[in-house]
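Structure first, commentary second.
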Amino acid sequence: MTISRKLFFFTITMVLLSFLTMAQTIQILHTGTKISLRGLSVVNDSTIWVSGNNGTVGKSVDGGNNWKWFTVKGFEQSDFRDVKAYNGKIALIMSIAAPAYILRTTDGGENWKIVYENKDSAMFLDAMDFWNDQIGVALGDPINNKFFVIRTVNGGKTWKDLPLNKNRVAVTSEGCFASSGTNIRMLNKQESVFVSGGLTSHLFIKNKVIELPILNGKTTTGANSIAVKSNKIMVIVGGDFTTRDSANNNCVLTTDGGVSFSVAQTPPHGYRSCVEYLGNNNWLCTGLNGSDYSIDEGKNWLLISNKSFNACRKAKNGKSVFFAGNNGTVGKLLY
């Protein structure tokens with residue numbers, strides 16, 4: 001393709017993206033507390049769960065119009081960085097560290113049962129994801145230079161450590177960011193993929209470890225989140241959370257299953273902690289200084305809001321898209 005044709009298609013894409021995003025706004029559904037929300041699970045257009053620090057869990061069963069908030073008894077100092085909800089009654093929450101816990105409720109959050117506990121001082125859980133209602137995994141930072149993974153096959157009722165193997169070896173100062181519960185995702189019905197950050201940043205896929213061309217070199221840099229469209233098409237975002245306005249190498253994408261990566265032509269407008277695939281060629285990402293939208297598989301992004309969020313998720317069974325962030329803020333994408 002000639003340079004002039006590339007410029008033409010780029011111009012058309014940006015014009016279409018500009019028109020599309022002019023109609024998009026984020027409606028704030030809840031805010032005003034001192035809670036940092038990073039866990040977000042959207043079951044359908046009605047049922048949304050969020051989780052955060054100070055033992056906080058929130059739930060709405062009417063599309064976010066009304067919320068019920070819980071402080072989990074005995075875990076008032078815990079930071080629940082991820083949540084997996086099945087419906088309005090059953091959900092799992094993950095407390096990250098020292099000790100690390102996974103709790104399960106079957107009565108809508110009124111009572112919680114410990115289903116996993118690890119008191120190793122090196123433990124730091126980052127995220128959970130599930131293939132289906134029964135089988136899922138949770139990812140943790142490296143212990144003895146190998147990433148920590150546990151698995152459940154009964155809907156989170158029990159968890160089992162997976163053997164540490166050479167495919168999950170971490171280099172010095174490499175780890176994962178528990179920023180949005182999305183650094184591990186399901187690739188297909190049998191496999192998952194995850195991303196890391198730090199002095200180096202990698203994609204761990206199948207039996208391969210692939211170095212990413214995303215910003216790295218410091219403990220605060222690297223990949224924070226991955227979203228998967230297919231075995232071939234994936235988008236990864238991150239950057240440096242200490243320089244939230246920098247767009248330097250903060251988004252990379254692959255269309256061949258990780259064989260090669262390219263940097264976004266027009267990147268998101270700063271550090272991004274979460275990316276979500278919305279359908280067709282549309283993607284959404286969010287971070288401390290705003291949210292961006294792409295209609296061309298993550299190649300070009302346009303800022304749609306400067307509101308700060310940590311996570312964004314589309315309904316598993318529905319079309320609604322929600323956000324969770326600092327100050328107890330929950331938002332909904334209007335489009």
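A note on labels: chains of the structure tokens are A, B, ... as shown, every chain counts residues from 1, and ligands are counted from 1 in their shown order.
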Wanna dump the stretch 78-193 of chain A-stretch 59-69 of chain A contacts at 12 Å for me, each residue with its shortest atom pair and the distance in Å to one decimal, counting only C-alpha atoms, ordered by chain and number, as JSON lines?
{"residue": "A:Val83", "atom": "CA", "partner": "A:Lys59", "partner_atom": "CA", "distance": 10.9}
{"residue": "A:Lys84", "atom": "CA", "partner": "A:Lys59", "partner_atom": "CA", "distance": 11.8}
{"residue": "A:Ala85", "atom": "CA", "partner": "A:Lys59", "partner_atom": "CA", "distance": 9.8}
{"residue": "A:Asn87", "atom": "CA", "partner": "A:Val61", "partner_atom": "CA", "distance": 9.0}
{"residue": "A:Gly88", "atom": "CA", "partner": "A:Val61", "partner_atom": "CA", "distance": 6.6}
{"residue": "A:Lys89", "atom": "CA", "partner": "A:Lys59", "partner_atom": "CA", "distance": 9.9}
{"residue": "A:Ile90", "atom": "CA", "partner": "A:Lys59", "partner_atom": "CA", "distance": 11.3}
{"residue": "A:Ala91", "atom": "CA", "partner": "A:Lys59", "partner_atom": "CA", "distance": 10.3}
{"residue": "A:Gly108", "atom": "CA", "partner": "A:Lys59", "partner_atom": "CA", "distance": 8.3}
{"residue": "A:Gly109", "atom": "CA", "partner": "A:Lys59", "partner_atom": "CA", "distance": 8.3}
{"residue": "A:Glu110", "atom": "CA", "partner": "A:Trp69", "partner_atom": "CA", "distance": 9.8}
May I have the residues from that selection written out with N, CA and C atoms, as a compact mmCIF listing (two decimals), in the first residue's frame?
# COMPACT_ATOMS: atom_id res chain seq x y z
N VAL A 83 -13.04 -9.39 41.31
CA VAL A 83 -14.29 -10.03 41.66
C VAL A 83 -14.80 -10.79 40.44
N LYS A 84 -15.34 -11.97 40.68
CA LYS A 84 -15.99 -12.77 39.64
C LYS A 84 -17.39 -13.08 40.12
N ALA A 85 -18.40 -12.58 39.39
CA ALA A 85 -19.79 -12.80 39.79
C ALA A 85 -20.47 -13.74 38.80
N ASN A 87 -24.02 -14.34 39.31
CA ASN A 87 -25.36 -13.76 39.27
C ASN A 87 -25.48 -12.80 40.45
N GLY A 88 -26.69 -12.48 40.85
CA GLY A 88 -26.85 -11.57 41.98
C GLY A 88 -26.60 -12.19 43.33
N LYS A 89 -26.45 -13.50 43.38
CA LYS A 89 -26.25 -14.20 44.64
C LYS A 89 -24.84 -14.75 44.82
N ILE A 90 -24.27 -15.32 43.78
CA ILE A 90 -22.99 -16.03 43.89
C ILE A 90 -21.87 -15.20 43.28
N ALA A 91 -20.78 -15.02 44.05
CA ALA A 91 -19.63 -14.25 43.57
C ALA A 91 -18.38 -14.65 44.35
N GLY A 108 -25.64 -13.30 48.03
CA GLY A 108 -25.65 -11.91 47.56
C GLY A 108 -24.72 -10.98 48.28
N GLY A 109 -23.74 -11.52 49.02
CA GLY A 109 -22.75 -10.68 49.68
C GLY A 109 -22.97 -10.49 51.17
N GLU A 110 -24.02 -11.05 51.69
CA GLU A 110 -24.29 -10.91 53.13
C GLU A 110 -23.27 -11.70 53.96
For stretch 311-313 of chain A: contacts at 8 Å, only C-alpha atoms, fewer than 5 positions along chain excluded, given as a PyMOL selection string:
chain A and resi 38-42+179-181+273-276+284-287+321-325
Dump as a short mmCIF file (atom, residue, chain, number, x, y, z; two decimals), in the first residue's frame, selection limited to all heavy atoms:
data_model
loop_
_atom_site.label_atom_id
_atom_site.label_comp_id
_atom_site.auth_asym_id
_atom_site.auth_seq_id
_atom_site.Cartn_x
_atom_site.Cartn_y
_atom_site.Cartn_z
N ARG A 38 -11.10 -1.58 42.04
CA ARG A 38 -10.36 -2.16 40.92
C ARG A 38 -11.01 -3.44 40.38
O ARG A 38 -10.80 -3.81 39.24
CB ARG A 38 -8.91 -2.44 41.31
CG ARG A 38 -8.12 -1.17 41.60
CD ARG A 38 -6.65 -1.46 41.85
NE ARG A 38 -5.91 -0.24 42.11
CZ ARG A 38 -5.38 0.55 41.19
NH1 ARG A 38 -5.52 0.22 39.91
NH2 ARG A 38 -4.71 1.63 41.52
N GLY A 39 -11.78 -4.13 41.23
CA GLY A 39 -12.50 -5.31 40.78
C GLY A 39 -13.83 -4.92 40.16
O GLY A 39 -14.56 -4.09 40.70
N LEU A 40 -14.15 -5.52 39.01
CA LEU A 40 -15.39 -5.21 38.30
C LEU A 40 -15.84 -6.45 37.54
O LEU A 40 -15.08 -7.00 36.74
CB LEU A 40 -15.17 -4.04 37.34
CG LEU A 40 -16.31 -3.66 36.40
CD1 LEU A 40 -17.56 -3.23 37.17
CD2 LEU A 40 -15.86 -2.52 35.46
N SER A 41 -17.05 -6.90 37.79
CA SER A 41 -17.62 -8.05 37.09
C SER A 41 -19.04 -7.70 36.68
O SER A 41 -19.88 -7.36 37.53
CB SER A 41 -17.62 -9.29 38.00
OG SER A 41 -18.10 -10.42 37.31
N VAL A 42 -19.30 -7.76 35.36
CA VAL A 42 -20.62 -7.41 34.82
C VAL A 42 -21.26 -8.67 34.27
O VAL A 42 -20.87 -9.18 33.23
CB VAL A 42 -20.49 -6.34 33.72
CG1 VAL A 42 -21.87 -5.88 33.27
CG2 VAL A 42 -19.67 -5.14 34.22
N SER A 179 -4.03 -4.11 38.72
CA SER A 179 -4.63 -2.80 38.52
C SER A 179 -6.08 -2.85 38.09
O SER A 179 -6.83 -1.89 38.31
CB SER A 179 -3.82 -2.02 37.47
OG SER A 179 -3.66 -2.80 36.29
N SER A 180 -6.52 -3.98 37.49
CA SER A 180 -7.90 -4.04 37.02
C SER A 180 -8.44 -5.46 36.91
O SER A 180 -9.56 -5.66 36.41
CB SER A 180 -8.00 -3.38 35.63
OG SER A 180 -7.20 -4.09 34.69
N GLY A 181 -7.68 -6.45 37.33
CA GLY A 181 -8.12 -7.83 37.23
C GLY A 181 -8.14 -8.37 35.81
O GLY A 181 -8.83 -9.35 35.53
N SER A 273 -4.81 1.17 32.46
CA SER A 273 -4.79 0.01 33.36
C SER A 273 -5.71 -1.11 32.90
O SER A 273 -5.66 -2.21 33.44
CB SER A 273 -5.18 0.43 34.77
OG SER A 273 -6.42 1.12 34.77
N CYS A 274 -6.57 -0.84 31.90
CA CYS A 274 -7.52 -1.85 31.48
C CYS A 274 -7.91 -1.64 30.02
O CYS A 274 -8.09 -0.51 29.57
CB CYS A 274 -8.77 -1.80 32.35
SG CYS A 274 -9.94 -3.16 32.06
N VAL A 275 -8.04 -2.75 29.29
CA VAL A 275 -8.54 -2.72 27.92
C VAL A 275 -9.61 -3.80 27.79
O VAL A 275 -9.52 -4.87 28.40
CB VAL A 275 -7.41 -2.93 26.89
CG1 VAL A 275 -6.71 -4.28 27.07
CG2 VAL A 275 -7.92 -2.78 25.46
N GLU A 276 -10.65 -3.51 27.00
CA GLU A 276 -11.78 -4.43 26.85
C GLU A 276 -12.20 -4.48 25.39
O GLU A 276 -12.30 -3.45 24.70
CB GLU A 276 -12.95 -3.96 27.72
CG GLU A 276 -14.14 -4.88 27.72
CD GLU A 276 -14.01 -6.06 28.67
OE1 GLU A 276 -12.87 -6.40 29.06
OE2 GLU A 276 -15.04 -6.67 29.02
N LEU A 284 -12.15 -0.64 23.96
CA LEU A 284 -12.20 0.44 24.94
C LEU A 284 -11.05 0.26 25.93
O LEU A 284 -10.73 -0.87 26.31
CB LEU A 284 -13.53 0.40 25.69
CG LEU A 284 -13.75 1.36 26.86
CD1 LEU A 284 -13.89 2.79 26.35
CD2 LEU A 284 -14.99 0.95 27.66
N CYS A 285 -10.41 1.34 26.32
CA CYS A 285 -9.42 1.25 27.39
C CYS A 285 -9.58 2.44 28.33
O CYS A 285 -10.13 3.48 27.96
CB CYS A 285 -7.99 1.18 26.84
SG CYS A 285 -7.40 2.64 25.97
N THR A 286 -9.10 2.27 29.56
CA THR A 286 -9.28 3.32 30.57
C THR A 286 -8.08 3.37 31.49
O THR A 286 -7.29 2.42 31.58
CB THR A 286 -10.57 3.09 31.37
OG1 THR A 286 -10.92 4.28 32.07
CG2 THR A 286 -10.42 1.95 32.36
N GLY A 287 -7.93 4.50 32.18
CA GLY A 287 -6.82 4.69 33.10
C GLY A 287 -7.00 5.92 33.95
O GLY A 287 -8.10 6.50 34.02
N VAL A 321 -21.68 -1.48 29.23
CA VAL A 321 -20.27 -1.35 29.60
C VAL A 321 -20.17 -0.47 30.83
O VAL A 321 -20.73 0.63 30.87
CB VAL A 321 -19.45 -0.73 28.45
CG1 VAL A 321 -17.99 -0.57 28.85
CG2 VAL A 321 -19.57 -1.59 27.18
N PHE A 322 -19.43 -0.94 31.84
CA PHE A 322 -19.32 -0.22 33.09
C PHE A 322 -17.85 0.05 33.42
O PHE A 322 -16.94 -0.61 32.90
CB PHE A 322 -19.98 -1.00 34.22
CG PHE A 322 -21.48 -1.09 34.09
CD1 PHE A 322 -22.07 -2.13 33.38
CD2 PHE A 322 -22.30 -0.13 34.67
CE1 PHE A 322 -23.44 -2.22 33.25
CE2 PHE A 322 -23.68 -0.21 34.54
CZ PHE A 322 -24.24 -1.25 33.83
N PHE A 323 -17.64 1.01 34.34
CA PHE A 323 -16.31 1.42 34.78
C PHE A 323 -16.26 1.41 36.30
O PHE A 323 -17.28 1.61 36.97
CB PHE A 323 -15.99 2.85 34.32
CG PHE A 323 -15.98 3.06 32.83
CD1 PHE A 323 -17.17 3.21 32.12
CD2 PHE A 323 -14.77 3.14 32.14
CE1 PHE A 323 -17.16 3.42 30.75
CE2 PHE A 323 -14.77 3.36 30.78
CZ PHE A 323 -15.95 3.49 30.09
N ALA A 324 -15.05 1.21 36.85
CA ALA A 324 -14.85 1.31 38.30
C ALA A 324 -13.53 2.04 38.54
O ALA A 324 -12.55 1.83 37.81
CB ALA A 324 -14.82 -0.06 38.95
N GLY A 325 -13.49 2.89 39.57
CA GLY A 325 -12.28 3.67 39.81
C GLY A 325 -12.13 4.13 41.24
O GLY A 325 -12.78 3.62 42.17
#
Tell me which protein, DNA and RNA residues are within 6 Å of stretch 244-249 of chain A, counting only C-alpha atoms, leaving out same-chain ones fewer than 2 positions away, and put them as a PyMOL selection string.
chain A and resi 214-215+241-242+251+269-271
Would you export the selected residues with all heavy atoms as a PDB file, in the first residue's frame, please?
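Output file out.pdb follows:
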ATOM      1  N   ILE A 214       6.170  -2.927  24.529  1.00  0.00           N
ATOM      2  CA  ILE A 214       5.502  -1.919  25.338  1.00  0.00           C
ATOM      3  C   ILE A 214       6.530  -1.260  26.252  1.00  0.00           C
ATOM      4  O   ILE A 214       7.613  -1.808  26.482  1.00  0.00           O
ATOM      5  CB  ILE A 214       4.357  -2.566  26.146  1.00  0.00           C
ATOM      6  CG1 ILE A 214       3.305  -1.532  26.562  1.00  0.00           C
ATOM      7  CG2 ILE A 214       4.886  -3.320  27.355  1.00  0.00           C
ATOM      8  CD1 ILE A 214       1.999  -2.153  27.044  1.00  0.00           C
ATOM      9  N   LEU A 215       6.213  -0.085  26.770  1.00  0.00           N
ATOM     10  CA  LEU A 215       7.126   0.631  27.653  1.00  0.00           C
ATOM     11  C   LEU A 215       7.559  -0.252  28.819  1.00  0.00           C
ATOM     12  O   LEU A 215       6.734  -0.872  29.480  1.00  0.00           O
ATOM     13  CB  LEU A 215       6.444   1.894  28.181  1.00  0.00           C
ATOM     14  CG  LEU A 215       7.285   2.793  29.090  1.00  0.00           C
ATOM     15  CD1 LEU A 215       8.399   3.467  28.295  1.00  0.00           C
ATOM     16  CD2 LEU A 215       6.397   3.864  29.733  1.00  0.00           C
ATOM     17  N   PHE A 241       2.482   3.987  35.467  1.00  0.00           N
ATOM     18  CA  PHE A 241       1.424   4.618  36.268  1.00  0.00           C
ATOM     19  C   PHE A 241       1.915   5.839  37.041  1.00  0.00           C
ATOM     20  O   PHE A 241       1.097   6.585  37.592  1.00  0.00           O
ATOM     21  CB  PHE A 241       0.749   3.606  37.195  1.00  0.00           C
ATOM     22  CG  PHE A 241       1.626   2.994  38.252  1.00  0.00           C
ATOM     23  CD1 PHE A 241       1.920   3.674  39.416  1.00  0.00           C
ATOM     24  CD2 PHE A 241       2.138   1.705  38.089  1.00  0.00           C
ATOM     25  CE1 PHE A 241       2.711   3.106  40.407  1.00  0.00           C
ATOM     26  CE2 PHE A 241       2.919   1.127  39.073  1.00  0.00           C
ATOM     27  CZ  PHE A 241       3.214   1.831  40.233  1.00  0.00           C
ATOM     28  N   THR A 242       3.221   6.070  37.075  1.00  0.00           N
ATOM     29  CA  THR A 242       3.736   7.282  37.731  1.00  0.00           C
ATOM     30  C   THR A 242       3.778   8.475  36.774  1.00  0.00           C
ATOM     31  O   THR A 242       3.985   9.601  37.216  1.00  0.00           O
ATOM     32  CB  THR A 242       5.128   7.040  38.317  1.00  0.00           C
ATOM     33  OG1 THR A 242       6.057   6.771  37.266  1.00  0.00           O
ATOM     34  CG2 THR A 242       5.112   5.887  39.302  1.00  0.00           C
ATOM     35  N   CYS A 251       0.453   1.009  24.194  1.00  0.00           N
ATOM     36  CA  CYS A 251      -0.511   0.085  23.602  1.00  0.00           C
ATOM     37  C   CYS A 251       0.141  -0.677  22.460  1.00  0.00           C
ATOM     38  O   CYS A 251       0.689  -0.066  21.540  1.00  0.00           O
ATOM     39  CB  CYS A 251      -1.734   0.849  23.107  1.00  0.00           C
ATOM     40  SG  CYS A 251      -2.956  -0.189  22.264  1.00  0.00           S
ATOM     41  N   HIS A 269      -4.412   8.051  25.287  1.00  0.00           N
ATOM     42  CA  HIS A 269      -3.873   9.340  25.720  1.00  0.00           C
ATOM     43  C   HIS A 269      -3.275   9.309  27.123  1.00  0.00           C
ATOM     44  O   HIS A 269      -3.452  10.245  27.907  1.00  0.00           O
ATOM     45  CB  HIS A 269      -4.946  10.410  25.608  1.00  0.00           C
ATOM     46  CG  HIS A 269      -5.311  10.731  24.194  1.00  0.00           C
ATOM     47  ND1 HIS A 269      -5.993   9.841  23.373  1.00  0.00           N
ATOM     48  CD2 HIS A 269      -5.075  11.830  23.445  1.00  0.00           C
ATOM     49  CE1 HIS A 269      -6.171  10.394  22.190  1.00  0.00           C
ATOM     50  NE2 HIS A 269      -5.632  11.592  22.201  1.00  0.00           N
ATOM     51  N   GLY A 270      -2.554   8.250  27.442  1.00  0.00           N
ATOM     52  CA  GLY A 270      -1.889   8.158  28.728  1.00  0.00           C
ATOM     53  C   GLY A 270      -1.790   6.723  29.201  1.00  0.00           C
ATOM     54  O   GLY A 270      -2.162   5.781  28.493  1.00  0.00           O
ATOM     55  N   TYR A 271      -1.266   6.564  30.405  1.00  0.00           N
ATOM     56  CA  TYR A 271      -1.205   5.243  31.031  1.00  0.00           C
ATOM     57  C   TYR A 271      -2.597   4.633  31.083  1.00  0.00           C
ATOM     58  O   TYR A 271      -3.571   5.296  31.428  1.00  0.00           O
ATOM     59  CB  TYR A 271      -0.627   5.376  32.442  1.00  0.00           C
ATOM     60  CG  TYR A 271      -0.992   4.234  33.365  1.00  0.00           C
ATOM     61  CD1 TYR A 271      -0.322   3.016  33.281  1.00  0.00           C
ATOM     62  CD2 TYR A 271      -2.018   4.374  34.303  1.00  0.00           C
ATOM     63  CE1 TYR A 271      -0.673   1.968  34.126  1.00  0.00           C
ATOM     64  CE2 TYR A 271      -2.364   3.339  35.153  1.00  0.00           C
ATOM     65  CZ  TYR A 271      -1.690   2.134  35.056  1.00  0.00           C
ATOM     66  OH  TYR A 271      -2.041   1.094  35.886  1.00  0.00           O
TER      67      TYR A 271
END
Of the listed residues A:Val330, A:Val57, A:Leu212, A:Val153, that which approaches A:Asp79 most closely, counting only C-alpha atoms:
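Closest candidate: A:Val57.
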